[in-house]
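Next comes run_4.cif, with mmCIF, C-alpha atoms.
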data_my_file
loop_
_atom_site.label_atom_id
_atom_site.label_comp_id
_atom_site.auth_asym_id
_atom_site.auth_seq_id
_atom_site.Cartn_x
_atom_site.Cartn_y
_atom_site.Cartn_z
CA MET A 886 -25.88 17.80 -0.32
CA LYS A 887 -28.82 15.58 0.50
CA PRO A 888 -29.83 15.08 4.13
CA PRO A 889 -28.23 12.17 6.00
CA SER A 890 -30.03 8.83 5.80
CA ARG A 891 -30.07 6.52 8.81
CA ILE A 892 -29.60 2.83 8.09
CA ARG A 893 -29.85 0.13 10.75
CA LEU A 894 -27.15 -2.51 10.36
CA LEU A 895 -27.53 -6.09 11.49
CA SER A 896 -27.81 -6.47 15.24
CA CYS A 897 -24.63 -8.58 15.28
CA LEU A 898 -22.53 -5.68 14.07
CA VAL A 899 -19.55 -5.53 16.42
CA PHE A 900 -18.85 -1.82 16.26
CA ALA A 901 -22.10 0.07 15.61
CA ALA A 902 -25.80 -0.59 15.76
CA PHE A 903 -27.11 2.62 14.20
CA PRO A 904 -24.59 4.22 11.82
CA THR A 905 -25.46 7.24 9.76
CA LEU A 906 -24.41 7.46 6.12
CA LEU A 907 -23.49 10.89 4.81
CA LEU A 908 -24.11 11.72 1.16
CA ALA A 909 -21.40 14.23 0.33
CA ASP A 910 -22.05 14.44 -3.41
CA VAL A 911 -25.40 14.93 -5.19
CA LYS A 912 -24.47 12.23 -7.70
CA VAL A 913 -24.57 9.63 -4.90
CA SER A 914 -27.91 8.51 -3.48
CA ASN A 915 -29.70 5.67 -1.71
CA VAL A 916 -26.68 4.75 0.38
CA ARG A 917 -27.23 1.81 2.70
CA ALA A 918 -25.04 -0.59 4.62
CA ALA A 919 -25.28 -4.01 6.23
CA GLN A 920 -22.90 -6.40 7.91
CA ARG A 921 -22.84 -9.89 6.43
CA GLU A 922 -24.22 -12.29 8.98
CA GLY A 923 -21.54 -14.26 10.77
CA THR A 924 -18.69 -12.20 9.28
CA LYS A 925 -16.87 -8.93 9.81
CA LEU A 926 -17.55 -7.77 6.26
CA VAL A 927 -19.70 -4.69 5.69
CA ASP A 928 -21.43 -4.08 2.35
CA ILE A 929 -22.06 -0.42 1.50
CA LEU A 930 -24.45 0.01 -1.45
CA TYR A 931 -25.22 3.19 -3.35
CA ASP A 932 -26.72 4.56 -6.56
CA LEU A 933 -24.70 6.80 -8.87
CA ASP A 934 -25.94 9.28 -11.46
CA GLY A 935 -24.33 12.08 -13.47
CA ASN A 936 -23.37 13.45 -16.86
CA SER A 937 -20.05 11.63 -17.29
CA GLN A 938 -19.17 8.23 -18.69
CA SER A 939 -17.33 7.22 -15.53
CA PHE A 940 -16.62 8.48 -12.06
CA THR A 941 -14.09 8.19 -9.28
CA VAL A 942 -15.73 6.92 -6.09
CA SER A 943 -14.26 7.21 -2.59
CA LEU A 944 -15.29 5.90 0.83
CA ARG A 945 -14.45 7.41 4.21
CA ILE A 946 -15.44 6.05 7.61
CA SER A 947 -16.05 7.93 10.86
CA ASN A 948 -16.65 6.70 14.41
CA ASP A 949 -17.56 10.10 15.88
CA ASP A 950 -20.71 11.08 13.97
CA GLY A 951 -18.72 12.48 11.06
CA VAL A 952 -16.56 14.96 12.97
CA THR A 953 -13.45 13.16 11.70
CA PHE A 954 -12.98 10.31 9.24
CA THR A 955 -10.03 8.43 10.68
CA VAL A 956 -11.27 4.83 10.68
CA PRO A 957 -9.01 2.83 8.33
CA ALA A 958 -10.60 1.95 4.99
CA GLU A 959 -7.72 0.05 3.44
CA ASN A 960 -9.25 -3.37 2.81
CA LEU A 961 -11.95 -2.53 0.29
CA SER A 962 -13.28 -4.33 -2.75
CA GLY A 963 -15.99 -3.68 -5.30
CA ALA A 964 -17.21 -0.42 -6.86
CA PHE A 965 -14.73 2.17 -5.68
CA GLY A 966 -11.82 4.05 -7.24
CA ALA A 967 -11.65 5.25 -10.84
CA GLY A 968 -13.75 4.03 -13.76
CA ILE A 969 -17.10 3.49 -11.98
CA GLU A 970 -20.07 3.95 -14.31
CA GLN A 971 -23.42 5.38 -13.33
CA GLY A 972 -26.09 2.94 -12.18
CA ASN A 973 -27.88 1.54 -9.17
CA ASP A 974 -26.88 -0.88 -6.44
CA HIS A 975 -23.12 -0.38 -6.68
CA LYS A 976 -21.47 -2.22 -3.80
CA ILE A 977 -18.31 -1.56 -1.81
CA THR A 978 -17.28 -4.26 0.66
CA TRP A 979 -15.25 -3.19 3.68
CA ASN A 980 -13.31 -5.81 5.63
CA ALA A 981 -13.83 -4.39 9.11
CA GLY A 982 -12.21 -7.46 10.61
CA LEU A 983 -8.87 -6.51 9.10
CA ASP A 984 -9.13 -2.72 9.38
CA TRP A 985 -10.97 -2.30 12.70
CA ASN A 986 -11.20 -5.68 14.37
CA GLY A 987 -12.75 -5.82 17.83
CA ARG A 988 -13.63 -2.13 18.14
CA ASN A 989 -17.01 -0.74 19.02
CA SER A 990 -18.71 2.58 18.36
CA PRO A 991 -22.33 3.75 18.36
CA LYS A 992 -21.46 6.71 16.11
CA MET A 993 -20.33 5.12 12.83
CA ARG A 994 -20.84 7.04 9.61
CA PHE A 995 -19.88 6.11 6.04
CA GLU A 996 -19.23 8.87 3.51
CA VAL A 997 -19.49 7.90 -0.18
CA THR A 998 -18.44 10.57 -2.68
CA ALA A 999 -18.16 10.60 -6.46
CA SER A 1000 -16.44 12.95 -8.88
CA ASP A 1001 -16.75 13.10 -12.65
CA THR A 1002 -13.28 14.62 -12.79
CA PRO A 1003 -10.78 11.80 -13.45
CA THR A 1004 -8.13 11.16 -10.85
CA SER A 1005 -4.72 12.48 -11.81
CA SER A 1006 -3.57 8.95 -12.64
CA GLY A 1007 -6.38 8.73 -15.17
CA LYS A 1008 -5.34 11.71 -17.32
CA TRP A 1009 -3.91 11.00 -20.74
CA ILE A 1010 -1.18 12.94 -22.52
CA ALA A 1011 -0.46 12.84 -26.23
CA VAL A 1012 3.08 11.95 -27.30
CA PRO A 1013 3.57 13.11 -30.90
CA ALA A 1014 4.63 10.79 -33.70
CA GLY A 1015 8.09 11.20 -35.17
CA SER A 1016 11.74 10.58 -34.48
CA PHE A 1017 13.87 11.19 -31.42
CA THR A 1018 17.39 10.30 -30.31
CA MET A 1019 17.41 7.32 -27.96
CA GLY A 1020 20.29 6.37 -25.67
CA ASP A 1021 22.95 7.85 -23.41
CA ALA A 1022 24.27 11.05 -24.97
CA PHE A 1023 26.87 11.39 -22.20
CA ALA A 1024 28.22 7.82 -22.53
CA GLU A 1025 28.35 7.69 -18.73
CA GLY A 1026 25.92 4.85 -18.12
CA GLN A 1027 26.13 1.16 -18.85
CA SER A 1028 27.14 -0.40 -22.13
CA ASN A 1029 23.52 -1.29 -22.88
CA GLU A 1030 22.67 2.42 -23.26
CA VAL A 1031 24.83 3.12 -26.30
CA PRO A 1032 25.09 3.99 -29.08
CA THR A 1033 22.61 6.83 -29.38
CA HIS A 1034 20.40 6.26 -32.39
CA SER A 1035 17.38 7.72 -34.12
CA VAL A 1036 14.06 6.00 -33.46
CA ILE A 1037 10.65 6.63 -35.02
CA THR A 1038 7.56 6.09 -32.85
CA PRO A 1039 3.85 6.52 -33.62
CA GLY A 1040 1.68 9.05 -31.87
CA ILE A 1041 0.29 7.59 -28.65
CA LEU A 1042 -1.71 8.55 -25.59
CA MET A 1043 0.09 7.67 -22.36
CA MET A 1044 -1.12 7.85 -18.77
CA LYS A 1045 0.18 10.96 -17.03
CA GLN A 1046 1.04 9.00 -13.90
CA GLU A 1047 1.92 5.50 -12.85
CA VAL A 1048 -1.10 3.28 -12.24
CA SER A 1049 -2.24 3.98 -8.70
CA PHE A 1050 -2.99 1.35 -6.11
CA GLY A 1051 -6.61 2.53 -5.98
CA GLU A 1052 -7.10 2.13 -9.71
CA TRP A 1053 -5.28 -1.20 -9.71
CA LYS A 1054 -7.67 -2.57 -7.07
CA SER A 1055 -10.77 -1.25 -8.82
CA VAL A 1056 -9.91 -2.90 -12.14
CA ARG A 1057 -8.56 -6.08 -10.55
CA ASN A 1058 -11.72 -6.57 -8.51
CA TRP A 1059 -13.80 -6.30 -11.69
CA ALA A 1060 -11.43 -8.68 -13.45
CA LEU A 1061 -11.70 -11.34 -10.75
CA GLU A 1062 -15.46 -11.37 -11.25
CA ASN A 1063 -15.09 -11.64 -15.03
CA GLY A 1064 -12.85 -14.63 -15.65
CA TYR A 1065 -9.40 -13.22 -14.87
CA THR A 1066 -6.83 -14.66 -12.48
CA PHE A 1067 -3.72 -12.97 -11.10
CA SER A 1068 -0.63 -14.45 -9.49
CA ASN A 1069 -0.47 -11.70 -6.88
CA PRO A 1070 -2.83 -9.07 -5.43
CA GLY A 1071 -0.51 -6.10 -5.88
CA GLU A 1072 0.38 -3.69 -3.11
CA GLY A 1073 0.40 0.03 -2.48
CA LYS A 1074 1.18 2.32 0.42
CA ALA A 1075 -2.09 4.20 -0.14
CA ALA A 1076 -4.71 4.53 -2.86
CA ASN A 1077 -2.92 7.52 -4.42
CA HIS A 1078 0.52 5.87 -4.36
CA PRO A 1079 1.65 3.75 -7.33
CA VAL A 1080 0.78 0.09 -7.27
CA GLN A 1081 3.84 -2.12 -6.82
CA THR A 1082 4.69 -5.77 -6.25
CA VAL A 1083 3.04 -6.65 -9.57
CA SER A 1084 4.49 -9.04 -12.15
CA TRP A 1085 4.73 -8.22 -15.85
CA HIS A 1086 2.13 -10.89 -16.59
CA ASP A 1087 -0.34 -9.42 -14.13
CA ALA A 1088 0.22 -5.90 -15.46
CA VAL A 1089 -0.57 -7.14 -18.98
CA LYS A 1090 -3.72 -8.96 -17.83
CA TRP A 1091 -4.79 -5.83 -15.94
CA CYS A 1092 -4.49 -3.87 -19.21
CA ASN A 1093 -6.82 -6.35 -20.90
CA ALA A 1094 -9.30 -6.19 -18.03
CA LYS A 1095 -9.40 -2.40 -18.09
CA SER A 1096 -9.88 -2.55 -21.86
CA GLU A 1097 -12.89 -4.83 -21.47
CA MET A 1098 -14.28 -2.68 -18.64
CA ASP A 1099 -14.13 0.35 -20.92
CA SER A 1100 -15.56 -1.48 -23.97
CA ARG A 1101 -12.24 -1.39 -25.82
CA THR A 1102 -10.58 -4.20 -27.75
CA PRO A 1103 -7.99 -5.99 -25.59
CA CYS A 1104 -4.47 -5.87 -27.04
CA TYR A 1105 -3.06 -9.09 -25.61
CA ARG A 1106 -3.93 -12.63 -26.71
CA ALA A 1107 -2.60 -16.09 -25.88
CA GLY A 1108 -3.56 -19.31 -27.62
CA GLY A 1109 -5.96 -17.38 -29.83
CA ASN A 1110 -7.94 -16.02 -26.86
CA VAL A 1111 -7.94 -12.82 -24.84
CA TYR A 1112 -5.13 -13.19 -22.30
CA ARG A 1113 -6.84 -13.51 -18.91
CA ASN A 1114 -5.07 -16.33 -17.08
CA GLY A 1115 -1.69 -17.94 -16.44
CA GLU A 1116 1.83 -16.82 -17.25
CA SER A 1117 2.16 -17.70 -20.92
CA THR A 1118 3.77 -15.32 -23.43
CA PRO A 1119 1.04 -13.26 -25.10
CA THR A 1120 1.09 -11.56 -28.47
CA CYS A 1121 0.10 -7.92 -28.88
CA ASN A 1122 -2.40 -6.59 -31.39
CA TRP A 1123 -0.84 -3.20 -32.02
CA SER A 1124 -3.87 -1.94 -33.94
CA ALA A 1125 -6.33 -2.63 -31.08
CA ASN A 1126 -7.74 0.39 -29.25
CA GLY A 1127 -7.29 -1.15 -25.80
CA TYR A 1128 -4.73 -0.43 -23.11
CA ARG A 1129 -1.21 -1.84 -23.16
CA LEU A 1130 2.28 -1.36 -21.77
CA PRO A 1131 4.49 1.09 -23.67
CA THR A 1132 7.38 -0.16 -25.74
CA GLU A 1133 10.79 0.79 -24.42
CA ALA A 1134 11.17 3.37 -27.20
CA GLU A 1135 7.75 4.88 -26.51
CA TRP A 1136 8.60 5.11 -22.83
CA GLU A 1137 11.92 6.89 -23.37
CA LYS A 1138 10.40 9.34 -25.84
CA ALA A 1139 7.68 10.25 -23.34
CA ALA A 1140 10.24 10.54 -20.51
CA ARG A 1141 12.41 12.93 -22.50
CA GLY A 1142 9.44 15.22 -23.03
CA GLY A 1143 10.82 16.65 -26.26
CA THR A 1144 14.24 17.49 -24.82
CA ILE A 1145 17.40 16.43 -26.63
CA GLY A 1146 20.50 14.95 -24.98
CA LYS A 1147 19.42 15.42 -21.33
CA ARG A 1148 20.17 13.11 -18.41
CA PHE A 1149 16.78 13.42 -16.75
CA PRO A 1150 13.23 14.19 -17.84
CA TRP A 1151 13.72 17.85 -16.91
CA GLY A 1152 17.43 18.55 -17.46
CA ASN A 1153 20.94 17.49 -16.42
CA THR A 1154 20.88 17.67 -12.62
CA ILE A 1155 18.76 15.98 -9.98
CA ASN A 1156 17.86 16.40 -6.30
CA HIS A 1157 15.14 15.41 -3.88
CA LYS A 1158 13.00 18.34 -4.99
CA ALA A 1159 12.72 16.70 -8.41
CA ALA A 1160 12.25 12.99 -7.69
CA ASN A 1161 11.89 10.23 -5.11
CA TYR A 1162 15.22 8.36 -5.19
CA VAL A 1163 18.32 7.65 -3.10
CA ASN A 1164 20.70 10.61 -3.12
CA GLY A 1165 24.32 9.56 -3.43
CA LYS A 1166 25.96 12.96 -3.97
CA LEU A 1167 27.09 12.25 -7.53
CA SER A 1168 28.53 15.03 -9.66
CA TYR A 1169 25.16 15.82 -11.24
CA GLU A 1170 23.25 15.92 -7.93
CA SER A 1171 22.59 19.25 -6.25
CA PRO A 1172 24.34 19.53 -2.84
CA GLN A 1173 22.15 18.01 -0.14
CA GLY A 1174 22.14 15.17 2.34
CA GLY A 1175 22.47 11.65 1.03
CA GLY A 1176 20.12 8.73 1.45
CA TYR A 1177 16.41 8.06 0.94
CA HIS A 1178 13.97 10.89 0.30
CA PRO A 1179 13.63 12.80 3.59
CA ILE A 1180 9.85 13.25 3.22
CA TYR A 1181 8.78 9.86 1.97
CA ALA A 1182 11.14 7.53 3.87
CA THR A 1183 8.51 6.85 6.51
CA GLY A 1184 6.27 3.99 7.57
CA GLY A 1185 8.54 1.20 6.41
CA PHE A 1186 9.36 -0.06 2.94
CA PRO A 1187 8.47 0.69 0.24
CA TYR A 1188 9.19 4.42 0.39
CA THR A 1189 6.89 5.38 -2.48
CA SER A 1190 5.41 8.86 -2.85
CA PRO A 1191 1.90 9.92 -3.88
CA ALA A 1192 1.31 10.50 -7.58
CA GLY A 1193 2.02 14.05 -8.64
CA SER A 1194 4.36 14.89 -5.75
CA PHE A 1195 6.95 16.42 -8.09
CA ALA A 1196 6.96 18.73 -11.09
CA ALA A 1197 6.04 17.10 -14.41
CA ASN A 1198 8.34 17.00 -17.43
CA ALA A 1199 7.81 19.15 -20.53
CA TYR A 1200 5.15 16.81 -21.94
CA GLY A 1201 3.34 16.77 -18.59
CA PHE A 1202 4.29 13.31 -17.28
CA ASP A 1203 4.93 12.68 -13.58
CA ASP A 1204 7.50 10.34 -12.01
CA MET A 1205 9.34 9.38 -15.19
CA ALA A 1206 12.33 9.31 -12.85
CA GLY A 1207 12.02 7.74 -9.42
CA ASN A 1208 9.15 6.42 -7.31
CA VAL A 1209 8.80 2.98 -8.98
CA TRP A 1210 10.31 1.31 -12.02
CA GLU A 1211 7.84 0.72 -14.84
CA TRP A 1212 7.33 -2.44 -16.88
CA CYS A 1213 7.63 -2.09 -20.66
CA TRP A 1214 6.51 -4.50 -23.37
CA ASP A 1215 9.95 -5.39 -24.76
CA TRP A 1216 12.06 -8.43 -24.13
CA TYR A 1217 15.40 -7.19 -22.85
CA GLY A 1218 18.59 -7.25 -24.89
CA GLN A 1219 22.05 -6.24 -23.73
CA THR A 1220 22.28 -4.14 -26.87
CA TYR A 1221 19.53 -2.21 -28.62
CA TYR A 1222 17.55 -4.46 -30.93
CA ALA A 1223 18.17 -3.71 -34.62
CA ASP A 1224 14.62 -3.37 -35.89
CA PRO A 1225 14.19 -4.54 -39.49
CA ALA A 1226 12.25 -1.38 -40.29
CA SER A 1227 15.30 0.85 -39.74
CA GLY A 1228 14.20 2.09 -36.35
CA ASN A 1229 10.51 2.48 -37.17
CA HIS A 1230 8.68 1.74 -33.89
CA PRO A 1231 11.04 -0.90 -32.47
CA LYS A 1232 9.37 -3.35 -30.11
CA GLY A 1233 12.42 -5.22 -28.78
CA PRO A 1234 13.81 -8.67 -29.58
CA PRO A 1235 11.34 -11.36 -30.73
CA SER A 1236 12.06 -13.49 -27.64
CA GLY A 1237 14.00 -13.50 -24.40
CA THR A 1238 13.89 -14.28 -20.70
CA LEU A 1239 13.68 -10.80 -19.12
CA ARG A 1240 11.36 -7.85 -19.73
CA VAL A 1241 12.52 -4.23 -19.75
CA ILE A 1242 11.89 -1.91 -16.80
CA ARG A 1243 12.45 1.83 -17.03
CA GLY A 1244 12.51 4.97 -14.91
CA GLY A 1245 14.35 4.13 -11.70
CA GLY A 1246 12.77 3.88 -8.29
CA TRP A 1247 12.69 5.08 -4.71
CA SER A 1248 15.43 2.59 -3.72
CA ASN A 1249 17.91 3.48 -6.49
CA PRO A 1250 20.63 6.13 -6.88
CA ALA A 1251 20.68 9.00 -9.35
CA ASN A 1252 22.51 7.20 -12.16
CA GLN A 1253 19.56 4.82 -12.47
CA GLN A 1254 17.08 7.69 -12.75
CA ARG A 1255 18.49 8.89 -16.08
CA VAL A 1256 16.10 8.65 -19.06
CA SER A 1257 18.49 6.33 -20.92
CA SER A 1258 18.97 3.92 -18.01
CA ARG A 1259 17.89 0.39 -19.00
CA TYR A 1260 17.27 -2.52 -16.66
CA ALA A 1261 15.25 -5.72 -16.77
CA ASN A 1262 13.53 -8.27 -14.60
CA ASN A 1263 11.97 -11.69 -14.90
CA PRO A 1264 8.33 -11.16 -15.96
CA THR A 1265 7.12 -13.43 -13.13
CA ASN A 1266 8.88 -11.38 -10.44
CA ARG A 1267 7.16 -8.78 -8.32
CA PHE A 1268 8.96 -6.34 -6.08
CA GLY A 1269 8.11 -3.26 -4.03
CA TYR A 1270 9.99 -1.04 -6.46
CA ILE A 1271 8.29 -2.05 -9.75
CA GLY A 1272 4.96 -0.76 -11.06
CA PHE A 1273 3.76 0.38 -14.48
CA ARG A 1274 1.91 2.96 -16.55
CA ILE A 1275 -0.08 2.36 -19.70
CA VAL A 1276 -0.74 3.68 -23.19
CA ARG A 1277 -3.88 3.35 -25.27
CA GLY A 1278 -4.89 3.24 -28.90
CA ASP A 1279 -7.74 5.23 -30.49
#
Can you dump the structure from the file as structure tokens?
Amino acid sequence: MKPPSRIRLLSCLVFAAFPTLLLADVKVSNVRAAQREGTKLVDILYDLDGNSQSFTVSLRISNDDGVTFTVPAENLSGAFGAGIEQGNDHKITWNAGLDWNGRNSPKMRFEVTASDTPTSSGKWIAVPAGSFTMGDAFAEGQSNEVPTHSVITPGILMMKQEVSFGEWKSVRNWALENGYTFSNPGEGKAANHPVQTVSWHDAVKWCNAKSEMDSRTPCYRAGGNVYRNGESTPTCNWSANGYRLPTEAEWEKAARGGTIGKRFPWGNTINHKAANYVNGKLSYESPQGGGYHPIYATGGFPYTSPAGSFAANAYGFDDMAGNVWEWCWDWYGQTYYADPASGNHPKGPPSGTLRVIRGGGWSNPANQQRVSSRYANNPTNRFGYIGFRIVRGD
């Protein structure tokens, strides 16, 4: 750890005149901060160096000389979160007016840390190519879940966890500075909770932005151009090495984790130890109290849980049941789409009005957490129970 550096902020700073910035990681250096004149925005700049292609950067704020770091740091923009590359003069902007308006302290400290270990939401898991049986083997769900049928999918890499709010903000902030527009900012209960309140269109544009950030070829195009704006219907370049939403078939194969004929990603019964959902005491729920998850039903809606709060399935994926629903690529059909290639990598109907969502959520009962459960939503909608995870090509 390098010794603390003392930086004098502008004299108009409403809460501290002489904060100290702590450098808690040797990869972070030259940290400095300044309040923008006439505003309550604070810019924290730093240099980043290391032996990795990208880092995960975090900011904590103290008002007691670093004894505790309890000052809210919720309204941040700029170079924080996952995917930050090494370089100089990275900038994080903190909106102190929203997080700490009107307060005053002579003992402010800002702690910037960086890790070359990806956040859990950034880990990728290989789903092998081949066939699996898709659909409701128990014939106890809705009519849109039958008949069971064999489907062939290619080998893919899928994100272990749902896209976190922290990663969403990091990529979206970059995108806004590079020609992208979004219809909504997205929401999250904390940086390590899944992002939610995102439309299908914005999730797709986010995939393209992350692809460009990581020097990959974007998958989605509209009007012959990379899809960056509006709510048109894009096409997908399936051979591109960028990030994209999974197809419905890819999602279900990953959720099953190699199991055959199971209700859930781990087996045939469910309880609050396995997933974040609404317990309704159905026949395949372990005996326990009903209602929302007793641990995560706090602080007001939405009752999401941090990524990795429950055991992963056999492939290693988290939250394939519960927490938030996940957007898929496919247009929704009341029956499974009969792919012309006899089940070889089906991608849904060629057109429609609704897009598929999978995986159930914190506000839904057990029957909607089953791996075969199929629902849909208008691609322009955004709700506190819908998020997404992504796959990538190589």
Item to check | Resolved residues for the PyMOL selection byres ((chain A and resi 1207) around 9) as an NGL selection string | outcome: :A and (1160-1163 or 1189 or 1204-1206 or 1208-1210 or 1244-1249 or 1251 or 1253-1254)
Those same residues - C-alpha atoms - I'd like them written as a short mmCIF file (atom, residue, chain, number, x, y, z; two decimals), in the coordinates of the input.
data_model
loop_
_atom_site.label_atom_id
_atom_site.label_comp_id
_atom_site.auth_asym_id
_atom_site.auth_seq_id
_atom_site.Cartn_x
_atom_site.Cartn_y
_atom_site.Cartn_z
CA ALA A 1160 12.25 12.99 -7.69
CA ASN A 1161 11.89 10.23 -5.11
CA TYR A 1162 15.22 8.36 -5.19
CA VAL A 1163 18.32 7.65 -3.10
CA THR A 1189 6.89 5.38 -2.48
CA ASP A 1204 7.50 10.34 -12.01
CA MET A 1205 9.34 9.38 -15.19
CA ALA A 1206 12.33 9.31 -12.85
CA ASN A 1208 9.15 6.42 -7.31
CA VAL A 1209 8.80 2.98 -8.98
CA TRP A 1210 10.31 1.31 -12.02
CA GLY A 1244 12.51 4.97 -14.91
CA GLY A 1245 14.35 4.13 -11.70
CA GLY A 1246 12.77 3.88 -8.29
CA TRP A 1247 12.69 5.08 -4.71
CA SER A 1248 15.43 2.59 -3.72
CA ASN A 1249 17.91 3.48 -6.49
CA ALA A 1251 20.68 9.00 -9.35
CA GLN A 1253 19.56 4.82 -12.47
CA GLN A 1254 17.08 7.69 -12.75
#
Item to check | Evaluate the PyMOL selection byres ((chain A and resi 1203) around 12) and report residues as a ChimeraX atom specification | outcome: /A:1005-1006,1008-1010,1043-1048,1079,1139-1142,1150-1151,1159-1161,1190-1202,1204-1209,1244,1274
Item to check | Straight-line distance linking atom CA of Glu1170 of chain A with atom CA of Ser1049 of chain A, stated in Å to one decimal | outcome: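 Taking atom CA of Glu1170 of chain A as the start and atom CA of Ser1049 of chain A as the end point, the length is 28.2 Å.
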Next on the checklist: I'd like the neighbourhood of Leu930 of chain A as a ChimeraX atom specification, where a residue qualifies if any of its atoms comes within 7 Å (using only C-alpha atoms), though same-chain residues fewer than 5 positions away should be ignored.
Outcome noted: /A:916-918,974-977
Item to check | Using only C-alpha atoms: which of A:Leu1130, A:Val927, A:Ile1242, A:Val1080 has the shortest distance to Pro1103 of chain A | outcome: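 Among A:Leu1130, A:Val927, A:Ile1242, A:Val1080, it is A:Leu1130 that comes nearest to Pro1103 of chain A.
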Next on the checklist: Here is a test: counting all atoms listed in the file, which residue of A:Tyr1188, A:His1086, A:Val997, A:Val913 is nearest to Thr1118 of chain A?
Outcome noted: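 Going through A:Tyr1188, A:His1086, A:Val997, A:Val913 one by one, the smallest distance to Thr1118 of chain A is for A:His1086.
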Next on the checklist: As a check of understanding, name the residues that the PyMOL selection byres ((chain A and resi 982) around 10) selects in the supplied structure, as a list in words.
Outcome noted: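 That expression, the PyMOL selection byres ((chain A and resi 982) around 10), corresponds here to Val899, Thr924, Lys925, Leu926, Val927, Asn960, Trp979, Asn980, Ala981, Leu983, Asp984, Trp985, Asn986, Gly987 and Arg988 of chain A.
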Item to check | Top pick for closest residue to Ala1107 of chain A, considering A:Thr1132, A:Gly951, A:Leu944, A:Thr1120 and counting all atoms listed in the file | outcome: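 Of A:Thr1132, A:Gly951, A:Leu944, A:Thr1120, the one nearest Ala1107 of chain A, counting all atoms listed in the file, is A:Thr1120.
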Item to check | Which residue of A:Glu922, A:Glu1097, A:Glu1052, A:Asp1215 approaches Glu1133 of chain A most closely, using only C-alpha atoms | outcome: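 Closest to Glu1133 of chain A, using only C-alpha atoms: A:Asp1215.
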For segment 1159-1174 of chain A, which lacks atoms in the input, supply N, CA and C atoms and format the output as a compact mmCIF listing (two decimals), in the frame of the given file.
# COMPACT_ATOMS: atom_id res chain seq x y z
N ALA A 1159 13.16 17.10 -7.07
CA ALA A 1159 12.72 16.70 -8.41
C ALA A 1159 12.19 15.28 -8.47
N ALA A 1160 12.63 14.40 -7.57
CA ALA A 1160 12.25 12.99 -7.69
C ALA A 1160 12.44 12.25 -6.38
N ASN A 1161 11.78 11.12 -6.26
CA ASN A 1161 11.89 10.23 -5.11
C ASN A 1161 12.92 9.15 -5.44
N TYR A 1162 14.13 9.29 -4.90
CA TYR A 1162 15.22 8.36 -5.19
C TYR A 1162 16.21 8.42 -4.04
N VAL A 1163 17.29 7.65 -4.13
CA VAL A 1163 18.32 7.65 -3.10
C VAL A 1163 19.45 8.58 -3.52
N ASN A 1164 19.65 9.65 -2.78
CA ASN A 1164 20.70 10.61 -3.12
C ASN A 1164 22.07 10.05 -2.73
N GLY A 1165 22.98 10.07 -3.69
CA GLY A 1165 24.32 9.56 -3.43
C GLY A 1165 25.41 10.58 -3.61
N LYS A 1166 25.01 11.86 -3.82
CA LYS A 1166 25.96 12.96 -3.97
C LYS A 1166 26.88 12.76 -5.17
N LEU A 1167 26.32 12.34 -6.29
CA LEU A 1167 27.09 12.25 -7.53
C LEU A 1167 27.31 13.64 -8.10
N SER A 1168 28.14 13.73 -9.12
CA SER A 1168 28.53 15.03 -9.66
C SER A 1168 27.34 15.81 -10.21
N TYR A 1169 26.31 15.11 -10.67
CA TYR A 1169 25.16 15.82 -11.24
C TYR A 1169 23.98 15.88 -10.26
N GLU A 1170 24.27 15.72 -8.96
CA GLU A 1170 23.25 15.92 -7.93
C GLU A 1170 23.51 17.23 -7.21
N SER A 1171 22.45 18.01 -7.00
CA SER A 1171 22.59 19.25 -6.25
C SER A 1171 23.02 18.94 -4.83
N PRO A 1172 23.87 19.80 -4.21
CA PRO A 1172 24.34 19.53 -2.84
C PRO A 1172 23.17 19.36 -1.88
N GLN A 1173 23.17 18.28 -1.15
CA GLN A 1173 22.15 18.01 -0.14
C GLN A 1173 22.57 16.75 0.58
N GLY A 1174 21.84 16.38 1.62
CA GLY A 1174 22.14 15.17 2.34
C GLY A 1174 21.90 13.94 1.50
